file query.cif (mmCIF, N, CA and C atoms)
data_start
loop_
_atom_site.label_atom_id
_atom_site.label_comp_id
_atom_site.auth_asym_id
_atom_site.auth_seq_id
_atom_site.Cartn_x
_atom_site.Cartn_y
_atom_site.Cartn_z
N MET A 69 0.85 -1.19 0.00
CA MET A 69 0.00 0.00 0.00
C MET A 69 0.88 1.24 0.00
N ASP A 70 0.57 2.20 -0.84
CA ASP A 70 1.34 3.43 -0.92
C ASP A 70 1.09 4.31 0.29
N LYS A 71 2.16 5.00 0.73
CA LYS A 71 2.03 5.96 1.82
C LYS A 71 1.49 7.27 1.25
N PRO A 72 0.68 8.01 2.05
CA PRO A 72 0.19 9.31 1.57
C PRO A 72 1.35 10.27 1.32
N ASN A 73 1.17 11.16 0.36
CA ASN A 73 2.17 12.17 0.06
C ASN A 73 1.81 13.45 0.81
N TYR A 74 2.64 13.82 1.79
CA TYR A 74 2.36 15.00 2.61
C TYR A 74 3.09 16.24 2.12
N ALA A 75 3.64 16.18 0.92
CA ALA A 75 4.38 17.31 0.38
C ALA A 75 3.44 18.46 0.04
N LEU A 76 3.98 19.66 0.09
CA LEU A 76 3.23 20.86 -0.28
C LEU A 76 3.15 20.93 -1.80
N SER A 77 1.98 21.20 -2.32
CA SER A 77 1.79 21.28 -3.77
C SER A 77 2.53 22.48 -4.35
N GLU A 78 2.62 22.50 -5.66
CA GLU A 78 3.09 23.69 -6.36
C GLU A 78 2.05 24.79 -6.22
N ARG A 79 2.43 26.01 -6.55
CA ARG A 79 1.49 27.13 -6.52
C ARG A 79 0.48 26.95 -7.66
N LEU A 80 -0.79 27.12 -7.32
CA LEU A 80 -1.87 26.96 -8.28
C LEU A 80 -2.73 28.22 -8.32
N ALA A 81 -3.35 28.48 -9.45
CA ALA A 81 -4.30 29.60 -9.54
C ALA A 81 -5.51 29.26 -8.69
N ALA A 82 -6.01 30.24 -7.96
CA ALA A 82 -7.16 30.02 -7.09
C ALA A 82 -8.38 29.62 -7.91
N THR A 83 -9.13 28.69 -7.37
CA THR A 83 -10.35 28.20 -8.00
C THR A 83 -11.57 28.80 -7.29
N ALA A 84 -12.73 28.54 -7.84
CA ALA A 84 -13.97 29.00 -7.18
C ALA A 84 -14.11 28.36 -5.80
N GLU A 85 -13.67 27.12 -5.66
CA GLU A 85 -13.73 26.44 -4.36
C GLU A 85 -12.84 27.13 -3.33
N VAL A 86 -11.65 27.55 -3.74
CA VAL A 86 -10.74 28.27 -2.83
C VAL A 86 -11.34 29.62 -2.47
N GLN A 87 -11.94 30.31 -3.43
CA GLN A 87 -12.61 31.58 -3.13
C GLN A 87 -13.75 31.38 -2.15
N ASP A 88 -14.50 30.28 -2.30
CA ASP A 88 -15.58 29.98 -1.36
C ASP A 88 -15.05 29.82 0.06
N ILE A 89 -13.89 29.19 0.20
CA ILE A 89 -13.27 29.04 1.53
C ILE A 89 -12.95 30.41 2.11
N ILE A 90 -12.36 31.28 1.30
CA ILE A 90 -12.05 32.64 1.77
C ILE A 90 -13.33 33.36 2.17
N ASN A 91 -14.38 33.21 1.39
CA ASN A 91 -15.65 33.85 1.72
C ASN A 91 -16.19 33.37 3.07
N LEU A 92 -15.97 32.09 3.37
CA LEU A 92 -16.45 31.54 4.64
C LEU A 92 -15.67 32.06 5.85
N VAL A 93 -14.40 32.40 5.66
CA VAL A 93 -13.58 32.89 6.79
C VAL A 93 -13.35 34.40 6.71
N LYS A 94 -14.07 35.08 5.83
CA LYS A 94 -13.87 36.52 5.59
C LYS A 94 -13.98 37.35 6.87
N GLU A 95 -14.99 37.10 7.68
CA GLU A 95 -15.17 37.89 8.90
C GLU A 95 -14.00 37.69 9.86
N GLU A 96 -13.54 36.45 9.99
CA GLU A 96 -12.39 36.19 10.87
C GLU A 96 -11.12 36.81 10.30
N LEU A 97 -10.95 36.78 8.98
CA LEU A 97 -9.81 37.46 8.36
C LEU A 97 -9.82 38.94 8.71
N PHE A 98 -10.98 39.56 8.63
CA PHE A 98 -11.12 40.98 8.95
C PHE A 98 -10.68 41.26 10.38
N HIS A 99 -11.11 40.42 11.32
CA HIS A 99 -10.79 40.65 12.73
C HIS A 99 -9.33 40.36 13.07
N ARG A 100 -8.71 39.46 12.34
CA ARG A 100 -7.31 39.11 12.62
C ARG A 100 -6.32 40.02 11.91
N SER A 101 -6.77 40.74 10.90
CA SER A 101 -5.87 41.60 10.14
C SER A 101 -5.62 42.90 10.88
N ILE A 102 -4.43 43.47 10.67
CA ILE A 102 -4.12 44.75 11.31
C ILE A 102 -4.53 45.93 10.42
N HIS A 103 -5.04 45.64 9.24
CA HIS A 103 -5.45 46.68 8.30
C HIS A 103 -6.92 46.54 7.97
N CYS A 104 -7.50 47.62 7.50
CA CYS A 104 -8.87 47.59 6.98
C CYS A 104 -8.82 46.88 5.63
N LEU A 105 -9.65 45.89 5.45
CA LEU A 105 -9.63 45.12 4.22
C LEU A 105 -10.80 45.52 3.33
N ASP A 106 -10.49 45.78 2.06
CA ASP A 106 -11.52 46.22 1.12
C ASP A 106 -12.12 45.07 0.32
N ILE A 107 -11.26 44.16 -0.11
CA ILE A 107 -11.69 43.05 -0.96
C ILE A 107 -11.05 41.77 -0.45
N TYR A 108 -11.57 40.67 -0.89
CA TYR A 108 -11.07 39.36 -0.46
C TYR A 108 -11.01 38.45 -1.68
N ASP A 109 -10.05 38.67 -2.55
CA ASP A 109 -9.93 37.87 -3.77
C ASP A 109 -8.80 36.86 -3.62
N ALA A 110 -9.15 35.58 -3.61
CA ALA A 110 -8.14 34.53 -3.60
C ALA A 110 -7.41 34.57 -4.93
N VAL A 111 -6.06 34.58 -4.87
CA VAL A 111 -5.26 34.71 -6.08
C VAL A 111 -4.58 33.39 -6.43
N THR A 112 -3.80 32.87 -5.49
CA THR A 112 -3.12 31.59 -5.68
C THR A 112 -3.22 30.80 -4.38
N TYR A 113 -2.89 29.51 -4.48
CA TYR A 113 -2.90 28.68 -3.27
C TYR A 113 -1.96 27.50 -3.43
N ARG A 114 -1.64 26.90 -2.31
CA ARG A 114 -0.90 25.65 -2.25
C ARG A 114 -1.61 24.79 -1.20
N PHE A 115 -1.51 23.50 -1.33
CA PHE A 115 -2.17 22.64 -0.36
C PHE A 115 -1.26 21.49 0.06
N GLN A 116 -1.60 20.93 1.21
CA GLN A 116 -0.88 19.79 1.76
C GLN A 116 -1.90 18.85 2.37
N SER A 117 -1.95 17.62 1.87
CA SER A 117 -2.84 16.62 2.44
C SER A 117 -2.25 16.09 3.74
N THR A 118 -3.12 15.81 4.71
CA THR A 118 -2.70 15.23 5.98
C THR A 118 -3.57 14.00 6.24
N ASN A 119 -3.33 13.33 7.36
CA ASN A 119 -4.14 12.16 7.72
C ASN A 119 -5.60 12.51 7.95
N CYS A 120 -5.88 13.73 8.36
CA CYS A 120 -7.23 14.11 8.79
C CYS A 120 -7.88 15.19 7.93
N GLY A 121 -7.18 15.68 6.92
CA GLY A 121 -7.75 16.76 6.10
C GLY A 121 -6.69 17.39 5.22
N THR A 122 -6.85 18.69 4.99
CA THR A 122 -5.96 19.42 4.08
C THR A 122 -5.62 20.79 4.65
N ASN A 123 -4.32 21.11 4.65
CA ASN A 123 -3.86 22.47 4.93
C ASN A 123 -3.86 23.22 3.61
N ILE A 124 -4.39 24.43 3.60
CA ILE A 124 -4.41 25.23 2.38
C ILE A 124 -3.81 26.59 2.71
N LEU A 125 -2.80 26.96 1.96
CA LEU A 125 -2.15 28.26 2.09
C LEU A 125 -2.64 29.11 0.92
N ILE A 126 -3.27 30.27 1.22
CA ILE A 126 -3.93 31.06 0.18
C ILE A 126 -3.40 32.49 0.18
N LYS A 127 -3.02 32.98 -0.99
CA LYS A 127 -2.67 34.40 -1.16
C LYS A 127 -3.96 35.12 -1.52
N VAL A 128 -4.29 36.16 -0.72
CA VAL A 128 -5.55 36.88 -0.87
C VAL A 128 -5.26 38.35 -1.14
N ARG A 129 -5.82 38.88 -2.23
CA ARG A 129 -5.71 40.32 -2.50
C ARG A 129 -6.75 41.02 -1.65
N VAL A 130 -6.28 42.01 -0.86
CA VAL A 130 -7.17 42.71 0.07
C VAL A 130 -7.35 44.19 -0.27
N SER A 131 -6.53 44.70 -1.14
CA SER A 131 -6.68 46.05 -1.69
C SER A 131 -5.70 46.17 -2.84
N HIS A 132 -5.69 47.30 -3.50
CA HIS A 132 -4.79 47.49 -4.64
C HIS A 132 -3.34 47.35 -4.19
N GLY A 133 -2.66 46.31 -4.68
CA GLY A 133 -1.24 46.11 -4.37
C GLY A 133 -0.95 45.50 -3.01
N ARG A 134 -1.98 45.16 -2.25
CA ARG A 134 -1.76 44.56 -0.92
C ARG A 134 -2.38 43.18 -0.86
N PHE A 135 -1.66 42.30 -0.19
CA PHE A 135 -2.09 40.91 -0.09
C PHE A 135 -1.88 40.43 1.33
N LEU A 136 -2.53 39.33 1.66
CA LEU A 136 -2.22 38.61 2.89
C LEU A 136 -2.15 37.14 2.55
N HIS A 137 -1.51 36.39 3.44
CA HIS A 137 -1.48 34.94 3.31
C HIS A 137 -2.31 34.37 4.43
N ALA A 138 -3.19 33.45 4.09
CA ALA A 138 -4.04 32.81 5.08
C ALA A 138 -3.80 31.31 5.03
N LYS A 139 -3.66 30.71 6.20
CA LYS A 139 -3.57 29.25 6.30
C LYS A 139 -4.91 28.76 6.83
N VAL A 140 -5.52 27.86 6.09
CA VAL A 140 -6.82 27.32 6.44
C VAL A 140 -6.70 25.81 6.49
N TYR A 141 -7.38 25.21 7.47
CA TYR A 141 -7.42 23.75 7.57
C TYR A 141 -8.84 23.29 7.27
N VAL A 142 -8.97 22.31 6.38
CA VAL A 142 -10.27 21.73 6.05
C VAL A 142 -10.20 20.25 6.38
N ASP A 143 -11.07 19.81 7.32
CA ASP A 143 -11.04 18.39 7.68
C ASP A 143 -11.91 17.59 6.71
N PHE A 144 -11.94 16.28 6.91
CA PHE A 144 -12.67 15.42 5.98
C PHE A 144 -14.19 15.58 6.08
N ASN A 145 -14.67 16.26 7.11
CA ASN A 145 -16.10 16.57 7.23
C ASN A 145 -16.41 17.96 6.67
N ASN A 146 -15.41 18.57 6.01
CA ASN A 146 -15.51 19.91 5.43
C ASN A 146 -15.68 21.01 6.46
N ASN A 147 -15.25 20.77 7.69
CA ASN A 147 -15.16 21.84 8.69
C ASN A 147 -13.94 22.67 8.33
N ILE A 148 -14.11 23.99 8.34
CA ILE A 148 -13.05 24.90 7.91
C ILE A 148 -12.60 25.73 9.10
N LYS A 149 -11.27 25.80 9.29
CA LYS A 149 -10.72 26.58 10.40
C LYS A 149 -9.58 27.45 9.88
N LEU A 150 -9.68 28.76 10.14
CA LEU A 150 -8.60 29.68 9.81
C LEU A 150 -7.51 29.51 10.87
N ILE A 151 -6.31 29.12 10.45
CA ILE A 151 -5.21 28.85 11.38
C ILE A 151 -4.42 30.12 11.65
N TYR A 152 -4.02 30.83 10.61
CA TYR A 152 -3.30 32.09 10.82
C TYR A 152 -3.44 33.01 9.61
N VAL A 153 -3.11 34.27 9.87
CA VAL A 153 -3.12 35.31 8.83
C VAL A 153 -1.78 36.02 8.90
N ASP A 154 -1.15 36.22 7.75
CA ASP A 154 0.11 36.94 7.66
C ASP A 154 -0.12 38.17 6.77
N ASP A 155 -0.18 39.35 7.40
CA ASP A 155 -0.47 40.61 6.69
C ASP A 155 0.77 41.15 5.98
N ASN A 156 0.55 42.26 5.28
CA ASN A 156 1.63 43.02 4.64
C ASN A 156 2.43 42.20 3.64
N LYS A 157 1.75 41.46 2.82
CA LYS A 157 2.40 40.70 1.77
C LYS A 157 2.21 41.41 0.44
N GLY A 158 3.14 41.16 -0.47
CA GLY A 158 3.05 41.69 -1.82
C GLY A 158 2.79 40.57 -2.80
N ILE A 159 2.57 40.93 -4.04
CA ILE A 159 2.30 39.94 -5.07
C ILE A 159 3.47 38.98 -5.25
N CYS A 160 4.69 39.44 -5.01
CA CYS A 160 5.88 38.61 -5.22
C CYS A 160 6.25 37.74 -4.02
N ASP A 161 5.62 37.97 -2.86
CA ASP A 161 5.94 37.15 -1.68
C ASP A 161 5.40 35.74 -1.89
N PRO A 162 6.28 34.73 -1.79
CA PRO A 162 5.84 33.36 -2.06
C PRO A 162 5.02 32.78 -0.92
N LEU A 163 4.15 31.85 -1.28
CA LEU A 163 3.48 31.02 -0.28
C LEU A 163 4.50 29.97 0.13
N SER A 164 5.08 30.15 1.28
CA SER A 164 6.27 29.41 1.67
C SER A 164 5.95 28.10 2.39
N PRO A 165 6.74 27.05 2.12
CA PRO A 165 6.56 25.79 2.85
C PRO A 165 6.73 25.96 4.36
N ARG A 166 7.52 26.92 4.80
CA ARG A 166 7.71 27.09 6.24
C ARG A 166 6.42 27.57 6.92
N ASP A 167 5.48 28.11 6.13
CA ASP A 167 4.21 28.56 6.69
C ASP A 167 3.27 27.40 7.02
N ILE A 168 3.51 26.27 6.42
CA ILE A 168 2.68 25.09 6.69
C ILE A 168 3.14 24.50 7.99
#

call {"tool": "encode", "arguments": {"input": "query.cif", "output": "structure tokens"}}
result
Amino acid sequence: MDKPNYALSERLAATAEVQDIINLVKEELFHRSIHCLDIYDAVTYRFQSTNCGTNILIKVRVSHGRFLHAKVYVDFNNNIKLIYVDDNKGICDPLSPRDI
């Protein structure tokens, strides 16, 4: 039997499903951010499968030229939990494996 692959995926363009996740945690993103957020557009993401669900690292555009990185955990029952928010990111800041 093959062992699960726990490696972090390559960077992918955000899908409608990833945007839906951001929409579900939007209020918590607002409260955890140190800035006033105007928009919540998921741009790119990376994911990592685990034994119990998936870690998703998402780059979110929050205003013109400003981004944040959000780590979200989705379990196998589709419960979604915002793990952390990293403000003051730019378009060139990578979604880093150390964030997982």

call {"tool": "residues_around", "arguments": {"input": "query.cif", "residues": "His137 of chain A", "least_positions_apart": "2", "cutoff": "7 Å", "atoms": "only N, CA and C atoms", "output": "ChimeraX atom specification"}}
result
/A:125-128,135,139,152-157

call {"tool": "closest_residue", "arguments": {"input": "query.cif", "among": "A:Tyr113, A:Tyr108, A:Phe144, A:Phe98", "to": "Ala82 of chain A", "atoms": "all atoms listed in the file"}}
result
A:Tyr113

call {"tool": "atom_distance", "arguments": {"input": "query.cif", "atom1": "atom CA of Glu95 of chain A", "atom2": "atom CA of Leu150 of chain A"}}
result
10.6 Å

call {"tool": "atom_distance", "arguments": {"input": "query.cif", "atom1": "atom CA of Gln87 of chain A", "atom2": "atom CA of Tyr74 of chain A"}}
result
23.1 Å

call {"tool": "select_by_dssp", "arguments": {"input": "query.cif", "residues": "chain A", "states": "helix (DSSP H, G or I)", "output": "ChimeraX atom specification"}}
result
/A:84-92,94-100,165-167

call {"tool": "write_last_selection", "arguments": {"input": "query.cif", "atoms": "N, CA and C atoms", "output": "compact mmCIF listing (two decimals), keeping the file's coordinate frame"}}
result
# COMPACT_ATOMS: atom_id res chain seq x y z
N ALA A 84 -12.73 28.54 -7.84
CA ALA A 84 -13.97 29.00 -7.18
C ALA A 84 -14.11 28.36 -5.80
N GLU A 85 -13.67 27.12 -5.66
CA GLU A 85 -13.73 26.44 -4.36
C GLU A 85 -12.84 27.13 -3.33
N VAL A 86 -11.65 27.55 -3.74
CA VAL A 86 -10.74 28.27 -2.83
C VAL A 86 -11.34 29.62 -2.47
N GLN A 87 -11.94 30.31 -3.43
CA GLN A 87 -12.61 31.58 -3.13
C GLN A 87 -13.75 31.38 -2.15
N ASP A 88 -14.50 30.28 -2.30
CA ASP A 88 -15.58 29.98 -1.36
C ASP A 88 -15.05 29.82 0.06
N ILE A 89 -13.89 29.19 0.20
CA ILE A 89 -13.27 29.04 1.53
C ILE A 89 -12.95 30.41 2.11
N ILE A 90 -12.36 31.28 1.30
CA ILE A 90 -12.05 32.64 1.77
C ILE A 90 -13.33 33.36 2.17
N ASN A 91 -14.38 33.21 1.39
CA ASN A 91 -15.65 33.85 1.72
C ASN A 91 -16.19 33.37 3.07
N LEU A 92 -15.97 32.09 3.37
CA LEU A 92 -16.45 31.54 4.64
C LEU A 92 -15.67 32.06 5.85
N LYS A 94 -14.07 35.08 5.83
CA LYS A 94 -13.87 36.52 5.59
C LYS A 94 -13.98 37.35 6.87
N GLU A 95 -14.99 37.10 7.68
CA GLU A 95 -15.17 37.89 8.90
C GLU A 95 -14.00 37.69 9.86
N GLU A 96 -13.54 36.45 9.99
CA GLU A 96 -12.39 36.19 10.87
C GLU A 96 -11.12 36.81 10.30
N LEU A 97 -10.95 36.78 8.98
CA LEU A 97 -9.81 37.46 8.36
C LEU A 97 -9.82 38.94 8.71
N PHE A 98 -10.98 39.56 8.63
CA PHE A 98 -11.12 40.98 8.95
C PHE A 98 -10.68 41.26 10.38
N HIS A 99 -11.11 40.42 11.32
CA HIS A 99 -10.79 40.65 12.73
C HIS A 99 -9.33 40.36 13.07
N ARG A 100 -8.71 39.46 12.34
CA ARG A 100 -7.31 39.11 12.62
C ARG A 100 -6.32 40.02 11.91
N PRO A 165 6.74 27.05 2.12
CA PRO A 165 6.56 25.79 2.85
C PRO A 165 6.73 25.96 4.36
N ARG A 166 7.52 26.92 4.80
CA ARG A 166 7.71 27.09 6.24
C ARG A 166 6.42 27.57 6.92
N ASP A 167 5.48 28.11 6.13
CA ASP A 167 4.21 28.56 6.69
C ASP A 167 3.27 27.40 7.02

call {"tool": "residues_near_point", "arguments": {"input": "query.cif", "point": "(-1.3, 32.0, -7.4)", "cutoff": "6 Å", "atoms": "only N, CA and C atoms", "output": "list in words"}}
result
Arg79, Leu80, Ala81, Ala82, Val111, Thr112 and Tyr113 of chain A

call {"tool": "closest_residue", "arguments": {"input": "query.cif", "among": "A:Asn147, A:Gln116, A:Asn91, A:Thr83", "to": "Ser164 of chain A", "atoms": "only C-alpha atoms"}}
result
A:Gln116

call {"tool": "atom_distance", "arguments": {"input": "query.cif", "atom1": "atom C of Ile148 of chain A", "atom2": "atom N of Cys120 of chain A"}}
result
13.8 Å

call {"tool": "select_by_dssp", "arguments": {"input": "query.cif", "residues": "chain A", "states": "strand (DSSP E)", "output": "PyMOL selection string"}}
result
chain A and resi 80-81+109-117+121-131+134-143+148-157

call {"tool": "axis_aligned_box", "arguments": {"input": "query.cif", "around": "segment 112-130 of chain A", "padding_each_side": "4 Å", "output": "JSON"}}
result
{"center_x": -4.4, "center_y": 28.2, "center_z": 1.6, "size_x": 15.0, "size_y": 40.0, "size_z": 22.5}

call {"tool": "closest_residue", "arguments": {"input": "query.cif", "among": "A:Ile102, A:Leu136, A:Glu78, A:Glu96", "to": "Phe115 of chain A", "atoms": "only C-alpha atoms"}}
result
A:Glu78

call {"tool": "closest_residue", "arguments": {"input": "query.cif", "among": "A:Asn119, A:Val93, A:Cys104, A:His132", "to": "Lys149 of chain A", "atoms": "only N, CA and C atoms"}}
result
A:Val93

call {"tool": "closest_residue", "arguments": {"input": "query.cif", "among": "A:Asn146, A:Leu92, A:Ser77, A:Pro162", "to": "Gly121 of chain A", "atoms": "only C-alpha atoms"}}
result
A:Asn146
